[in-house]
file final.txt (compact mmCIF, C-alpha atoms and all ligand atoms)
# COMPACT_ATOMS: atom_id res chain seq x y z
CA MET K 255 8.99 -11.06 3.92
CA THR K 256 9.60 -13.39 1.02
CA LEU K 257 7.61 -16.31 -0.31
CA THR K 258 10.02 -18.63 -2.07
CA LEU K 259 9.12 -21.40 -4.50
CA ASP K 260 12.08 -23.65 -5.24
CA SER K 261 11.86 -26.06 -8.22
CA LEU K 262 8.20 -26.74 -7.46
CA SER K 263 6.74 -29.56 -9.56
CA ARG K 264 3.54 -31.56 -9.68
CA SER K 265 2.75 -34.47 -11.97
CA TYR K 266 -0.42 -36.47 -12.46
CA GLY K 267 0.71 -39.86 -13.73
CA GLY K 268 3.05 -38.92 -16.56
CA PHE K 269 1.50 -35.46 -17.04
CA HIS K 270 3.54 -32.53 -15.71
CA ALA K 271 1.03 -29.91 -14.58
CA VAL K 272 3.72 -27.78 -12.87
CA GLN K 273 7.37 -28.19 -13.86
CA SER K 274 10.23 -26.91 -11.75
CA VAL K 275 8.87 -23.43 -10.98
CA SER K 276 11.21 -21.24 -8.92
CA LEU K 277 10.03 -17.80 -7.86
CA SER K 278 10.82 -15.31 -5.15
CA LEU K 279 7.86 -13.15 -4.18
CA SER K 280 8.23 -10.17 -1.87
CA THR K 281 5.36 -9.19 0.39
CA ASN K 282 5.97 -5.63 -0.84
CA ALA K 283 4.73 -6.55 -4.27
CA ILE K 284 1.61 -7.27 -6.25
CA VAL K 285 2.62 -9.96 -8.74
CA GLY K 286 0.36 -11.09 -11.56
CA MET K 287 0.29 -14.58 -12.99
CA ILE K 288 -1.04 -15.22 -16.46
CA GLY K 289 -0.99 -18.17 -18.85
CA PRO K 290 -3.23 -19.97 -21.31
CA ASN K 291 -5.97 -22.32 -20.06
CA GLY K 292 -4.50 -25.43 -18.47
CA ALA K 293 -1.06 -23.80 -18.00
CA GLY K 294 -0.93 -24.96 -14.38
CA LYS K 295 -1.74 -21.71 -12.56
CA THR K 296 -4.40 -23.10 -10.22
CA THR K 297 -2.28 -26.19 -9.58
CA LEU K 298 0.65 -23.96 -8.63
CA PHE K 299 -1.61 -22.05 -6.21
CA SER K 300 -2.72 -25.27 -4.56
CA LEU K 301 0.92 -26.29 -4.10
CA ILE K 302 1.60 -22.96 -2.39
CA ASN K 303 -1.44 -23.06 -0.08
CA GLY K 304 -1.07 -26.75 0.72
CA LEU K 305 -4.32 -28.06 -0.76
CA GLN K 306 -2.08 -30.31 -2.89
CA SER K 307 1.41 -31.68 -2.25
CA PRO K 308 4.20 -31.14 -4.75
CA SER K 309 5.87 -34.11 -6.45
CA SER K 310 9.15 -32.31 -5.72
CA GLY K 311 10.45 -28.90 -4.72
CA SER K 312 9.70 -26.65 -1.77
CA VAL K 313 7.70 -23.64 -0.58
CA SER K 314 8.95 -21.38 2.19
CA LEU K 315 7.90 -18.13 3.80
CA ASP K 316 10.82 -16.11 5.10
CA GLY K 317 12.91 -19.25 5.52
CA LEU K 318 10.14 -21.23 7.25
CA ASP K 319 9.67 -24.41 5.20
CA LEU K 320 5.94 -24.80 4.51
CA THR K 321 6.25 -27.74 2.10
CA THR K 322 4.95 -30.44 4.41
CA LEU K 323 2.59 -28.27 6.48
CA PRO K 324 -1.18 -28.70 6.04
CA ALA K 325 -3.17 -25.77 4.63
CA PHE K 326 -4.41 -24.49 8.01
CA LYS K 327 -0.87 -24.24 9.36
CA ARG K 328 0.18 -22.30 6.26
CA ALA K 329 -2.73 -19.95 6.96
CA ARG K 330 -1.44 -19.50 10.50
CA ALA K 331 2.01 -18.72 9.10
CA GLY K 332 0.45 -15.85 7.16
CA LEU K 333 -0.81 -17.22 3.84
CA ALA K 334 -4.40 -16.68 2.73
CA TRP K 335 -6.13 -17.43 -0.55
CA THR K 336 -9.35 -17.08 -2.45
CA PHE K 337 -10.84 -19.42 -5.02
CA GLN K 338 -11.58 -18.98 -8.72
CA VAL K 339 -15.26 -19.54 -8.03
CA PRO K 340 -16.29 -17.70 -4.85
CA ARG K 341 -17.29 -20.11 -2.12
CA PRO K 342 -19.19 -17.99 0.38
CA PHE K 343 -21.75 -19.82 2.46
CA SER K 344 -24.80 -18.58 0.58
CA HIS K 345 -27.19 -19.24 3.48
CA LEU K 346 -25.13 -17.03 5.81
CA THR K 347 -25.07 -13.26 5.86
CA VAL K 348 -22.02 -11.36 4.67
CA LEU K 349 -21.01 -10.60 8.27
CA GLU K 350 -21.48 -14.24 9.29
CA ASN K 351 -19.31 -15.34 6.37
CA LEU K 352 -16.43 -13.31 7.76
CA LEU K 353 -17.01 -14.49 11.33
CA VAL K 354 -16.97 -18.13 10.20
CA ALA K 355 -13.63 -17.60 8.43
CA ALA K 356 -12.03 -16.61 11.74
CA ARG K 357 -13.92 -19.16 13.85
CA ASN K 358 -12.87 -22.04 11.63
CA GLN K 359 -9.43 -21.93 13.19
CA PRO K 360 -8.47 -25.26 14.77
CA GLY K 361 -8.29 -24.84 18.53
CA ASP K 362 -11.48 -22.83 18.52
CA SER K 363 -13.32 -25.77 19.95
CA ILE K 364 -16.50 -26.33 21.86
CA LEU K 365 -14.35 -27.46 24.80
CA ARG K 366 -12.65 -24.10 24.92
CA ALA K 367 -16.04 -22.39 24.89
CA PHE K 368 -17.03 -24.59 27.85
CA PHE K 369 -13.89 -24.27 29.96
CA GLN K 370 -12.88 -20.72 29.03
CA PRO K 371 -16.17 -18.90 28.51
CA ARG K 372 -14.73 -15.44 29.22
CA ALA K 373 -11.79 -15.88 26.82
CA THR K 374 -14.23 -17.21 24.23
CA ARG K 375 -16.50 -14.20 24.70
CA ARG K 376 -13.53 -11.80 24.32
CA PHE K 377 -12.53 -13.63 21.13
CA GLU K 378 -16.09 -13.34 19.77
CA VAL K 379 -16.23 -9.61 20.47
CA GLU K 380 -12.79 -9.11 18.92
CA ILE K 381 -13.54 -11.00 15.70
CA GLU K 382 -16.87 -9.22 15.27
CA ARG K 383 -15.08 -5.89 15.65
CA ARG K 384 -12.48 -6.97 13.09
CA ALA K 385 -15.11 -8.27 10.65
CA LYS K 386 -17.00 -4.97 10.79
CA GLN K 387 -13.79 -3.00 10.18
CA ILE K 388 -12.97 -5.18 7.18
CA LEU K 389 -16.49 -4.78 5.76
CA GLU K 390 -16.18 -1.02 6.14
CA PHE K 391 -12.80 -1.07 4.37
CA LEU K 392 -14.31 -3.14 1.53
CA ARG K 393 -17.34 -0.80 1.30
CA LEU K 394 -19.63 -3.73 2.17
CA SER K 395 -21.11 -2.46 5.44
CA HIS K 396 -24.45 -1.70 3.77
CA VAL K 397 -24.85 -5.38 2.79
CA SER K 398 -23.47 -6.92 5.99
CA GLU K 399 -26.86 -8.41 6.93
CA GLU K 400 -27.62 -9.53 3.37
CA PHE K 401 -27.44 -13.23 2.45
CA SER K 402 -24.31 -13.82 0.36
CA LYS K 403 -26.31 -15.52 -2.38
CA ASN K 404 -28.02 -12.18 -3.14
CA LEU K 405 -24.76 -10.34 -3.90
CA SER K 406 -23.34 -9.49 -7.33
CA GLY K 407 -20.35 -11.43 -8.69
CA GLY K 408 -17.98 -8.60 -7.74
CA GLN K 409 -19.40 -8.27 -4.23
CA LYS K 410 -18.94 -12.03 -3.72
CA LYS K 411 -15.29 -11.63 -4.71
CA LEU K 412 -14.97 -8.85 -2.12
CA VAL K 413 -16.52 -11.11 0.54
CA GLU K 414 -13.92 -13.77 -0.35
CA LEU K 415 -11.21 -11.15 0.09
CA GLY K 416 -12.79 -10.18 3.40
CA ARG K 417 -12.75 -13.79 4.56
CA ALA K 418 -9.05 -13.99 3.67
CA LEU K 419 -8.37 -10.76 5.57
CA MET K 420 -9.96 -12.23 8.73
CA LEU K 421 -6.88 -14.48 8.92
CA GLU K 422 -4.63 -11.39 9.21
CA PRO K 423 -2.44 -12.63 6.35
CA LYS K 424 0.95 -11.39 5.21
CA PHE K 425 0.46 -12.76 1.73
CA ILE K 426 -2.72 -13.40 -0.29
CA LEU K 427 -3.17 -15.62 -3.34
CA LEU K 428 -6.09 -14.47 -5.49
CA ASP K 429 -7.47 -16.81 -8.15
CA GLU K 430 -9.24 -14.76 -10.83
CA PRO K 431 -10.56 -11.88 -8.71
CA PHE K 432 -12.01 -10.16 -11.80
CA ALA K 433 -13.86 -13.11 -13.38
CA GLY K 434 -17.55 -12.30 -13.71
CA VAL K 435 -17.03 -8.84 -12.21
CA ASN K 436 -18.29 -5.64 -13.86
CA PRO K 437 -15.70 -2.98 -14.82
CA VAL K 438 -16.66 -0.56 -12.05
CA LEU K 439 -16.18 -3.20 -9.39
CA ILE K 440 -12.93 -4.38 -11.05
CA ASP K 441 -11.56 -0.87 -10.42
CA GLU K 442 -12.84 -0.96 -6.85
CA ILE K 443 -11.30 -4.37 -6.12
CA SER K 444 -8.02 -3.16 -7.66
CA GLU K 445 -8.02 -0.08 -5.41
CA ARG K 446 -8.55 -2.20 -2.30
CA ILE K 447 -5.71 -4.55 -3.34
CA ILE K 448 -3.37 -1.57 -3.80
CA GLU K 449 -4.35 -0.16 -0.39
CA LEU K 450 -3.76 -3.53 1.28
CA ASN K 451 -0.40 -3.83 -0.45
CA GLN K 452 0.55 -0.39 0.87
CA LEU K 453 -0.17 -1.78 4.34
CA GLY K 454 2.42 -4.49 3.65
CA ILE K 455 0.34 -7.41 2.36
CA GLY K 456 1.81 -9.18 -0.68
CA PHE K 457 -0.32 -10.54 -3.52
CA LEU K 458 0.05 -13.18 -6.20
CA ILE K 459 -2.89 -12.87 -8.58
CA ILE K 460 -3.99 -15.29 -11.30
CA GLU K 461 -6.08 -13.45 -13.84
CA HIS K 462 -7.20 -13.86 -17.45
CA ASN K 463 -8.14 -10.16 -17.68
CA ILE K 464 -4.65 -9.14 -18.73
CA GLY K 465 -5.56 -5.45 -19.23
CA ALA K 466 -6.84 -5.02 -15.67
CA LEU K 467 -3.96 -7.07 -14.24
CA SER K 468 -1.35 -5.00 -16.14
CA ARG K 469 -2.72 -1.84 -14.55
CA LEU K 470 -2.56 -3.41 -11.08
CA CYS K 471 0.87 -5.04 -10.94
CA LYS K 472 4.42 -4.05 -11.79
CA ARG K 473 5.59 -7.64 -12.18
CA MET K 474 3.98 -10.42 -14.14
CA VAL K 475 4.90 -14.10 -14.34
CA VAL K 476 3.76 -16.21 -17.29
CA LEU K 477 3.10 -19.91 -16.99
CA ASP K 478 2.81 -22.24 -19.97
CA HIS K 479 2.71 -26.04 -19.91
CA GLY K 480 3.60 -25.87 -16.20
CA ARG K 481 6.75 -23.80 -16.73
CA ALA K 482 7.47 -20.16 -15.93
CA ILE K 483 8.27 -18.81 -19.41
CA GLY K 484 8.17 -15.09 -18.61
CA ASP K 485 8.87 -12.81 -15.66
CA GLY K 486 9.11 -9.04 -15.81
CA SER K 487 7.08 -5.87 -16.13
CA PRO K 488 3.72 -6.32 -17.91
CA ALA K 489 5.07 -4.39 -20.92
CA GLN K 490 8.20 -6.57 -21.15
CA VAL K 491 6.32 -9.82 -20.69
CA LEU K 492 3.56 -9.02 -23.17
CA ALA K 493 6.09 -7.99 -25.82
CA ASP K 494 8.05 -11.22 -25.40
CA GLU K 495 8.02 -13.53 -28.42
CA THR K 496 7.84 -16.79 -26.37
CA VAL K 497 4.88 -15.44 -24.42
CA ARG K 498 3.10 -14.34 -27.58
CA MET K 499 3.68 -17.78 -29.08
CA ALA K 500 2.19 -19.44 -25.98
CA TYR K 501 -0.90 -17.32 -26.43
CA LEU K 502 -1.15 -17.88 -30.18
CA GLY K 503 -4.79 -18.34 -30.93
CA GLU K 504 -5.77 -16.46 -27.78
CA SER K 505 -5.97 -12.70 -27.45
CA VAL K 506 -3.20 -11.00 -25.49
N1 LIG P 1 -6.25 -33.56 -10.10
C1 LIG P 1 -5.80 -33.58 -11.36
N2 LIG P 1 -5.61 -34.73 -12.03
C2 LIG P 1 -5.16 -34.74 -13.29
N3 LIG P 1 -4.87 -33.63 -14.00
C3 LIG P 1 -5.04 -32.45 -13.39
C4 LIG P 1 -5.51 -32.34 -12.05
N4 LIG P 1 -5.58 -31.02 -11.71
C5 LIG P 1 -5.17 -30.35 -12.81
N5 LIG P 1 -4.85 -31.20 -13.81
C6 LIG P 1 -4.37 -30.83 -15.15
O1 LIG P 1 -3.24 -29.99 -14.98
C7 LIG P 1 -3.25 -28.97 -15.97
C8 LIG P 1 -3.17 -27.62 -15.32
O2 LIG P 1 -4.43 -27.29 -14.74
P1 LIG P 1 -4.69 -25.94 -13.95
O3 LIG P 1 -6.11 -25.96 -13.50
O4 LIG P 1 -3.64 -25.77 -12.91
O5 LIG P 1 -4.49 -24.87 -15.11
P2 LIG P 1 -4.83 -23.32 -15.09
O6 LIG P 1 -3.65 -22.62 -15.66
O7 LIG P 1 -5.26 -22.90 -13.74
O8 LIG P 1 -6.04 -23.25 -16.11
P3 LIG P 1 -7.29 -22.21 -16.18
O9 LIG P 1 -6.69 -20.89 -16.60
O10 LIG P 1 -8.14 -22.80 -17.25
O11 LIG P 1 -7.93 -22.18 -14.83
C9 LIG P 1 -4.50 -29.15 -16.81
O12 LIG P 1 -4.17 -29.85 -18.00
C10 LIG P 1 -5.39 -30.00 -15.93
O13 LIG P 1 -6.23 -30.84 -16.69
call {"tool": "encode", "arguments": {"input": "final.txt", "output": "structure tokens", "more": "lines below"}}
Ligand SMILES: Nc1ncnc2c1ncn2[C@@H]1O[C@H](COP(=O)(O)OP(=O)(O)OP(=O)(O)O)[C@@H](O)[C@H]1O
result
Amino acid sequence: MTLTLDSLSRSYGGFHAVQSVSLSLSTNAIVGMIGPNGAGKTTLFSLINGLQSPSSGSVSLDGLDLTTLPAFKRARAGLAWTFQVPRPFSHLTVLENLLVAARNQPGDSILRAFFQPRATRRFEVEIERRAKQILEFLRLSHVSEEFSKNLSGGQKKLVELGRALMLEPKFILLDEPFAGVNPVLIDEISERIIELNQLGIGFLIIEHNIGALSRLCKRMVVLDHGRAIGDGSPAQVLADETVRMAYLGESV
């Protein structure tokens, strides 16, 4: 499967946050996205997942035009995403956080529960089974009954990934999965991402930890002032003069 961005742009007034970005992303790949602060990375993500509309350009998944679809329909088409700052429901347990992610699907209404109680019960049993499998895969089973607010930064990131996995996605957008995560858990999260990719799930990952991202992905895209200014292997991209200039004053 291929996620295609075609001349995607987004302006705020006269300010061009994302300018004519065209990318083709295979679900076989783990692609990294780097760029200085304010480069437009998060804005680009929100144009892909539908939380914002582009000023121009299009997004499609295997030829299906997603550009005008609301976020939940993009999720149904196979896109999932996590946020820069984890947003687990802190008053729910880890297991409940995953169950809610699946139950939040439109169509899962109280009316259905009333008129189709047996189908609803089957659905409940099925999503609980899936949530427990995902927690086992993420090595979170031992904290499944823990309130999310009591988890470490890295564990919260894993819960976010678990919530995304509940949607059975084909492609996952991760916004800074390593921010506020200790090195041991960074390695663990990376291993899980690689395993998921081997199962056929594609990733586009925004990350400021360039070292960890370089180890994880074979392709890296660089955004600066809303434009894609680099695209290649981490070694190629990081050696590129234009990229180094964009990062001048920041450590690469
Ligand atoms: N809703 C908005 N209204 C006006 N300007 C915005 C809006 N959202 C983002 N911007 C601007 O667009 C630019 C790109 O922001 P964005 O958050 O996408 O950058 P980023 O690359 O994700 O940065 P960081 O690495 O710091 O998270 C910034 O200058 C930001 O101030």
call {"tool": "axis_aligned_box", "arguments": {"input": "final.txt", "around": "range 376-392 of chain K", "padding_each_side": "3 Å", "output": "lines of an AutoDock Vina configuration file"}}
result
center_x = -14.7
center_y = -7.3
center_z = 12.9
size_x = 10.5
size_y = 18.6
size_z = 28.8
call {"tool": "residues_near_ligand", "arguments": {"input": "final.txt", "ligand": "ligand LIG 1 (chain P)", "cutoff": "9 Å", "atoms": "all atoms listed in the file", "output": "PyMOL selection string"}}
result
chain K and resi 264-267+269-272+288-300+306+338+429-430+460-462+477-480
call {"tool": "write_last_selection", "arguments": {"input": "final.txt", "atoms": "C-alpha atoms", "output": "PDB file, keeping the file's coordinate frame"}}
result
ATOM      1  CA  ARG K 264       3.540 -31.560  -9.680  1.00  0.00           C
ATOM      2  CA  SER K 265       2.750 -34.470 -11.970  1.00  0.00           C
ATOM      3  CA  TYR K 266      -0.420 -36.470 -12.460  1.00  0.00           C
ATOM      4  CA  GLY K 267       0.710 -39.860 -13.730  1.00  0.00           C
ATOM      5  CA  PHE K 269       1.500 -35.460 -17.040  1.00  0.00           C
ATOM      6  CA  HIS K 270       3.540 -32.530 -15.710  1.00  0.00           C
ATOM      7  CA  ALA K 271       1.030 -29.910 -14.580  1.00  0.00           C
ATOM      8  CA  VAL K 272       3.720 -27.780 -12.870  1.00  0.00           C
ATOM      9  CA  ILE K 288      -1.040 -15.220 -16.460  1.00  0.00           C
ATOM     10  CA  GLY K 289      -0.990 -18.170 -18.850  1.00  0.00           C
ATOM     11  CA  PRO K 290      -3.230 -19.970 -21.310  1.00  0.00           C
ATOM     12  CA  ASN K 291      -5.970 -22.320 -20.060  1.00  0.00           C
ATOM     13  CA  GLY K 292      -4.500 -25.430 -18.470  1.00  0.00           C
ATOM     14  CA  ALA K 293      -1.060 -23.800 -18.000  1.00  0.00           C
ATOM     15  CA  GLY K 294      -0.930 -24.960 -14.380  1.00  0.00           C
ATOM     16  CA  LYS K 295      -1.740 -21.710 -12.560  1.00  0.00           C
ATOM     17  CA  THR K 296      -4.400 -23.100 -10.220  1.00  0.00           C
ATOM     18  CA  THR K 297      -2.280 -26.190  -9.580  1.00  0.00           C
ATOM     19  CA  LEU K 298       0.650 -23.960  -8.630  1.00  0.00           C
ATOM     20  CA  PHE K 299      -1.610 -22.050  -6.210  1.00  0.00           C
ATOM     21  CA  SER K 300      -2.720 -25.270  -4.560  1.00  0.00           C
ATOM     22  CA  GLN K 306      -2.080 -30.310  -2.890  1.00  0.00           C
ATOM     23  CA  GLN K 338     -11.580 -18.980  -8.720  1.00  0.00           C
ATOM     24  CA  ASP K 429      -7.470 -16.810  -8.150  1.00  0.00           C
ATOM     25  CA  GLU K 430      -9.240 -14.760 -10.830  1.00  0.00           C
ATOM     26  CA  ILE K 460      -3.990 -15.290 -11.300  1.00  0.00           C
ATOM     27  CA  GLU K 461      -6.080 -13.450 -13.840  1.00  0.00           C
ATOM     28  CA  HIS K 462      -7.200 -13.860 -17.450  1.00  0.00           C
ATOM     29  CA  LEU K 477       3.100 -19.910 -16.990  1.00  0.00           C
ATOM     30  CA  ASP K 478       2.810 -22.240 -19.970  1.00  0.00           C
ATOM     31  CA  HIS K 479       2.710 -26.040 -19.910  1.00  0.00           C
ATOM     32  CA  GLY K 480       3.600 -25.870 -16.200  1.00  0.00           C
TER      33      GLY K 480
END
call {"tool": "residues_around", "arguments": {"input": "final.txt", "residues": "range 467-473 of chain K", "least_positions_apart": "3", "cutoff": "8 Å", "atoms": "all atoms listed in the file", "output": "PyMOL selection string"}}
result
chain K and resi 283-286+444+448+461+463-464+485-488
call {"tool": "closest_residue", "arguments": {"input": "final.txt", "among": "K:Ile388, K:Arg481, K:Met474, K:Ser310", "to": "Arg446 in chain K", "atoms": "all atoms listed in the file"}}
result
K:Ile388
call {"tool": "residues_around", "arguments": {"input": "final.txt", "residues": "range 376-387 of chain K", "least_positions_apart": "5", "cutoff": "10 Å", "atoms": "all atoms listed in the file", "output": "PyMOL selection string"}}
result
chain K and resi 348-357+362+371+392-395+398+416-417+419-420+422
call {"tool": "closest_residue", "arguments": {"input": "final.txt", "among": "K:Met255, K:Ile447, K:Val475, K:Leu277", "to": "Gly332 in chain K", "atoms": "all atoms listed in the file"}}
result
K:Met255
call {"tool": "closest_residue", "arguments": {"input": "final.txt", "among": "K:Glu495, K:Glu399, K:Asp441, K:Glu449", "to": "Asn282 in chain K", "atoms": "only C-alpha atoms"}}
result
K:Glu449
